[in-house]
Structures are given as C-alpha cells and as structure tokens.
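Undergrad: The structure is given below, and queries will be raised subsequently.
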Amino acid sequence: MKQIKEINEVLEDVQKGNLDRRIVIHRNTPLSNTCCRINEIVMQTKEKLILSEKGAARNDRLMTCLSHDIRTPLTSIIGYLDAVHYQLIHGESSRASVEAARQKAYLLKQYIDELFQWFKLHSKDEKADLKQLEIVEELRRILAGWIGTLENSHISYDFVTEKEEIYVTADPLFMERIINNLIKNAWEHGNADKIWIEVSVVEVCVQIKVRDNGKGISAEAIPYVFERLYQEEPSGSRSGGGLGLAIAKELVLLQNGNISVQSDRPHGTTFCVALPGASNED
C-alpha cells in the first residue's frame with residue numbers, strides 16, 4: 001500500500017507538469033516492472049517535450065528569418081516603383097529604378113521557389129527518380145550555365161575529371177539542383193576568385209567536389225552549414241537566403257548519398273558529394 005501511495009503521488013506531480021519526478025523502484029516486488037515502465041514513459045514524454053520545444057523555437061526562428069528575407073526585397077521594390085510612380089525621378093534614373101525593381105523581383109521569386117522546394121522536401125512529397133547517369137557530361141553542362149555569371153564576377157573556373165565517362169546512380173534533376181546550389185554558395189559567400197568542379201571514382205562510390213579558394217568557413221560554423229537559413233556572418237555584396245545547402249543535403253540523402261564539407265580558413269572550402277557508382281550498361 002505504501003508503494004501504491006508513492007506511485008500515485010508521483011503520477012499526480014507528473015500530471016501537474018513536473019516531468020523530473022521518478023518512482024523509487026524496490027526490487028523483487030509485484031510492482032517493480034510497473035514502476036520501471038512508468039519511469040520510462042515519463043522520461044520519454046520529457047524527451048518528446050524537449051524536442052517539441054526545440055522544434056517550436058526553430059520554427060519561430062524560421063518565420064522570423066522568412067519575414068525578414070521577404071520583407072527586405074519587397075520594401076526595395078516598392079521604394080523603386082514609388083519613386084517612378086510619384087515622378088520623383090525622371091529619364092535615365094527612372095529606367096534604372098525600374099530595372100533595379102525588376103532584378104529585386106527576380107531575386108524574390110528565386111527565394112520563394114527555394115522555400116517551396118524546402119517545404120516540399122520536408123512534406124515527403126519529393127521522390128528521387130534514380131537511374132544510371134553519365135555524370136561527367138552532366139557536370140560540364142551545369143558549369144557551362146554558370147560561365148557568364150562567373151566571368152562577370154571575375155571568378156575563374158576549372159573542371160577536373162579522371163575519366164571522360166563516369167556513371168552514377170542518381171536523379172538528373174536532383175543533381176542539377178545540388179551542383180547549382182553548391183556553385184551558387186561559392187559565388188555568393190566564398191569571396192573566391194576561382195571555383196573548381198572535380199569528379200573521381202573512389203572504390204564503389206563517385207565523388208563530386210565543388211571547391212573554391214575563398215575566405216573559408218570557421219571551425220565553429222562547420223557543424224551548422226547544412227542547417228536551414230544558417231549563415232556564418234552577414235552576407236556581402238551578393239545576396240543569399242541560407243536555404244541552398246540545406247536543400248542540397250536533403251536531395252543528396254534522397255539519392256542514398258552523403259555530403260560533407262571541409263574548410264581551411266582562409267584558404268577556401270570544399271563540398272564533397274558521394275553517390276553510388278553505376279556501370280555502363282549500354
């Protein structure tokens with residue numbers, strides 16, 4: 001009876017919200033297993049509550065960041081267009097203002113597209129269409145799409161492969177998003193003047209590296225670079241929403257691969273994507 005009373009007291013305390021209470025377990029009694037199970041349930045409930053609170057805090061931070069990242073370009077767009085509408089500027093200044101608003105609108109659309117992609121990934125609606133893919137030509141094609149942007153930013157580039165044909169098991173659309181996001185990250189945040197794309201075969205895997213010679217990432221920041229909206233420090237002259245690396249990681253995982261980062265500050269950063277290799281069955 002004494003132990004039952006003790007159990008009831010603990011359960012009443014737990015019911016009031018004190019999840020630190022535990023029942024003292026007396027060995028070799030009829031209620032030993034029951035007490036042990038109750039303690040486990042209380043402990044699991046506390047762990048779930050902690051995770052829920054952390055998730056709520058992350059979501060609050062997410063909404064704060066989203067509000068800021070959307071409001072800032074919108075405010076700029078409205079400012080540019082108001083200046084034209086109220087005839088505060090004329091001639092060439094007016095045309096420049098409209099062009100600036102147009103560029104901001106495109107950046108905002110790009111950011112909203114990234115948000116949509118992120119939420120789609122986390123709703124589990126995104127599935128990988130895995131197939132044999134010749135990755136060397138695919139990487140060359142993706143890099144070619146960046147040549148104009150890189151040259152305009154005075155950034156040189158190089159492509160390195162140990163073979164002319166290397167096959168992976170991957171989703172072509174996912175790979176394009178991943179590599180684009182990694183190049184975009186180096187262009188926006190690396191402060192680099194050269195970017196390399198390297199592909200090689202390592203045992204049964206294919207490694208794809210996107211490397212730059214920029215400022216690098218601090219050791220303290222390395223564990224967090226794939227977290228959504230994480231930025232080590234305020235971005236410089238180029239904009240960035242902080243979702244690209246998080247999306248890249250999710251897309252790599254959906255293809256049964258892994259992604260890692262190494263940085264030797266201030267001598268640059270290397271992102272490495274490892275994917276299952278595939279044989280040429282043609």
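Following the order of the structure tokens, first chain is A, next is B, and so on, with residues numbered from 1 inside each chain and ligands from 1 in the order they appear.
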Excluding Thr161 (chain A) and residues on its chain fewer than 3 positions from it, collect all residues at most 8 Å away from it, counting only C-alpha atoms, and give them as an MDAnalysis selection string.

TA: chainID A and resid 136 164 198:200

Undergrad: Write the residues you've just listed into a file as a compact mmCIF listing (two decimals), in the first residue's frame, and include C-alpha atoms for each of them.

TA:
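Contents of result05.txt, freshly written:
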# COMPACT_ATOMS: atom_id res chain seq x y z
CA VAL A 136 30.93 13.99 -66.40
CA GLU A 164 35.79 11.01 -69.72
CA GLU A 198 36.16 17.75 -59.64
CA VAL A 199 34.80 14.24 -60.18
CA SER A 200 36.52 10.94 -59.38

Undergrad: If you run DSSP on this backbone, which residues of region 74-180 of chain A come out as strand (DSSP E or B), and could you give them as number ranges by chain?

TA: A: 131-134, 156-161, 167-170

Undergrad: Restricting the calculation to only C-alpha atoms, which member of A:Gly79, A:Gly216, A:Gly148, A:Gly244 is positioned closest to Ile183 (chain A)?

TA: A:Gly244

Undergrad: List the neighbours of Glu99 (chain A) out to 12 Å using only C-alpha atoms; skip same-chain residues closer than 5 positions along the sequence, and give me the result as a list in words.

TA: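 The residues satisfying every condition are Ser76, Ile77, Tyr80, Leu81, Val84, Glu92, Ser93, Ser94, Lys104, Ala105 and Tyr106 of chain A.
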
Undergrad: Report the residues of region 2-124 of chain A whose backbone DSSP state falls under helix (DSSP H, G or I), written as a VMD selection string.

TA: chain A and resid 2 to 15 32 to 85 91 to 122

Undergrad: Which residues are close to region 122-129 of chain A, i.e. within 10 Å by only C-alpha atoms, leaving aside same-chain residues fewer than 2 positions away? Reply as a PyMOL selection string.

TA: chain A and resi 117-120+131+169-174+247+250-256

Undergrad: Write a file of the selected residues as a PDB file, in the first residue's frame, keeping N, CA and C atoms.

TA:
ATOM      1  N   GLN A 117      10.566  24.558 -52.518  1.00  0.00           N
ATOM      2  CA  GLN A 117      11.329  23.322 -52.637  1.00  0.00           C
ATOM      3  C   GLN A 117      11.638  22.732 -51.260  1.00  0.00           C
ATOM      4  N   TRP A 118      12.017  23.602 -50.317  1.00  0.00           N
ATOM      5  CA  TRP A 118      12.327  23.138 -48.966  1.00  0.00           C
ATOM      6  C   TRP A 118      11.112  22.497 -48.305  1.00  0.00           C
ATOM      7  N   PHE A 119       9.967  23.166 -48.358  1.00  0.00           N
ATOM      8  CA  PHE A 119       8.763  22.629 -47.725  1.00  0.00           C
ATOM      9  C   PHE A 119       8.293  21.353 -48.421  1.00  0.00           C
ATOM     10  N   LYS A 120       8.479  21.273 -49.728  1.00  0.00           N
ATOM     11  CA  LYS A 120       8.112  20.061 -50.457  1.00  0.00           C
ATOM     12  C   LYS A 120       8.972  18.886 -50.014  1.00  0.00           C
ATOM     13  N   LYS A 131      18.402   6.650 -61.644  1.00  0.00           N
ATOM     14  CA  LYS A 131      18.732   5.974 -62.898  1.00  0.00           C
ATOM     15  C   LYS A 131      20.234   6.075 -63.131  1.00  0.00           C
ATOM     16  N   THR A 169      24.446   6.340 -59.921  1.00  0.00           N
ATOM     17  CA  THR A 169      23.017   6.083 -59.761  1.00  0.00           C
ATOM     18  C   THR A 169      22.424   7.313 -59.101  1.00  0.00           C
ATOM     19  N   ALA A 170      21.677   8.089 -59.866  1.00  0.00           N
ATOM     20  CA  ALA A 170      21.224   9.385 -59.358  1.00  0.00           C
ATOM     21  C   ALA A 170      19.997   9.866 -60.120  1.00  0.00           C
ATOM     22  N   ASP A 171      19.390  10.924 -59.590  1.00  0.00           N
ATOM     23  CA  ASP A 171      18.278  11.612 -60.237  1.00  0.00           C
ATOM     24  C   ASP A 171      18.861  12.834 -60.960  1.00  0.00           C
ATOM     25  N   PRO A 172      18.746  12.920 -62.281  1.00  0.00           N
ATOM     26  CA  PRO A 172      19.357  14.039 -63.022  1.00  0.00           C
ATOM     27  C   PRO A 172      18.890  15.414 -62.549  1.00  0.00           C
ATOM     28  N   LEU A 173      17.597  15.567 -62.273  1.00  0.00           N
ATOM     29  CA  LEU A 173      17.083  16.861 -61.823  1.00  0.00           C
ATOM     30  C   LEU A 173      17.627  17.215 -60.442  1.00  0.00           C
ATOM     31  N   PHE A 174      17.712  16.214 -59.557  1.00  0.00           N
ATOM     32  CA  PHE A 174      18.278  16.451 -58.226  1.00  0.00           C
ATOM     33  C   PHE A 174      19.737  16.874 -58.340  1.00  0.00           C
ATOM     34  N   ILE A 247      18.920  22.382 -48.711  1.00  0.00           N
ATOM     35  CA  ILE A 247      18.223  21.678 -49.791  1.00  0.00           C
ATOM     36  C   ILE A 247      19.160  20.674 -50.453  1.00  0.00           C
ATOM     37  N   GLU A 250      19.448  17.492 -48.354  1.00  0.00           N
ATOM     38  CA  GLU A 250      18.251  16.648 -48.420  1.00  0.00           C
ATOM     39  C   GLU A 250      18.191  15.901 -49.748  1.00  0.00           C
ATOM     40  N   LEU A 251      18.530  16.566 -50.844  1.00  0.00           N
ATOM     41  CA  LEU A 251      18.490  15.928 -52.157  1.00  0.00           C
ATOM     42  C   LEU A 251      19.545  14.834 -52.281  1.00  0.00           C
ATOM     43  N   VAL A 252      20.716  15.047 -51.686  1.00  0.00           N
ATOM     44  CA  VAL A 252      21.760  14.014 -51.692  1.00  0.00           C
ATOM     45  C   VAL A 252      21.294  12.789 -50.917  1.00  0.00           C
ATOM     46  N   LEU A 253      20.716  13.002 -49.745  1.00  0.00           N
ATOM     47  CA  LEU A 253      20.250  11.886 -48.919  1.00  0.00           C
ATOM     48  C   LEU A 253      19.164  11.085 -49.626  1.00  0.00           C
ATOM     49  N   LEU A 254      18.295  11.753 -50.377  1.00  0.00           N
ATOM     50  CA  LEU A 254      17.238  11.055 -51.112  1.00  0.00           C
ATOM     51  C   LEU A 254      17.804  10.150 -52.205  1.00  0.00           C
ATOM     52  N   GLN A 255      19.067  10.357 -52.569  1.00  0.00           N
ATOM     53  CA  GLN A 255      19.712   9.524 -53.589  1.00  0.00           C
ATOM     54  C   GLN A 255      20.677   8.508 -52.968  1.00  0.00           C
ATOM     55  N   ASN A 256      20.522   8.271 -51.664  1.00  0.00           N
ATOM     56  CA  ASN A 256      21.361   7.303 -50.942  1.00  0.00           C
ATOM     57  C   ASN A 256      22.835   7.709 -50.931  1.00  0.00           C
TER      58      ASN A 256
END

Undergrad: Write out as a PyMOL selection string the residues lying within 8 Å of region 13-19 of chain A, counting only C-alpha atoms and excluding same-chain residues fewer than 2 positions away.

TA: chain A and resi 9-11+21+42-43+45-46
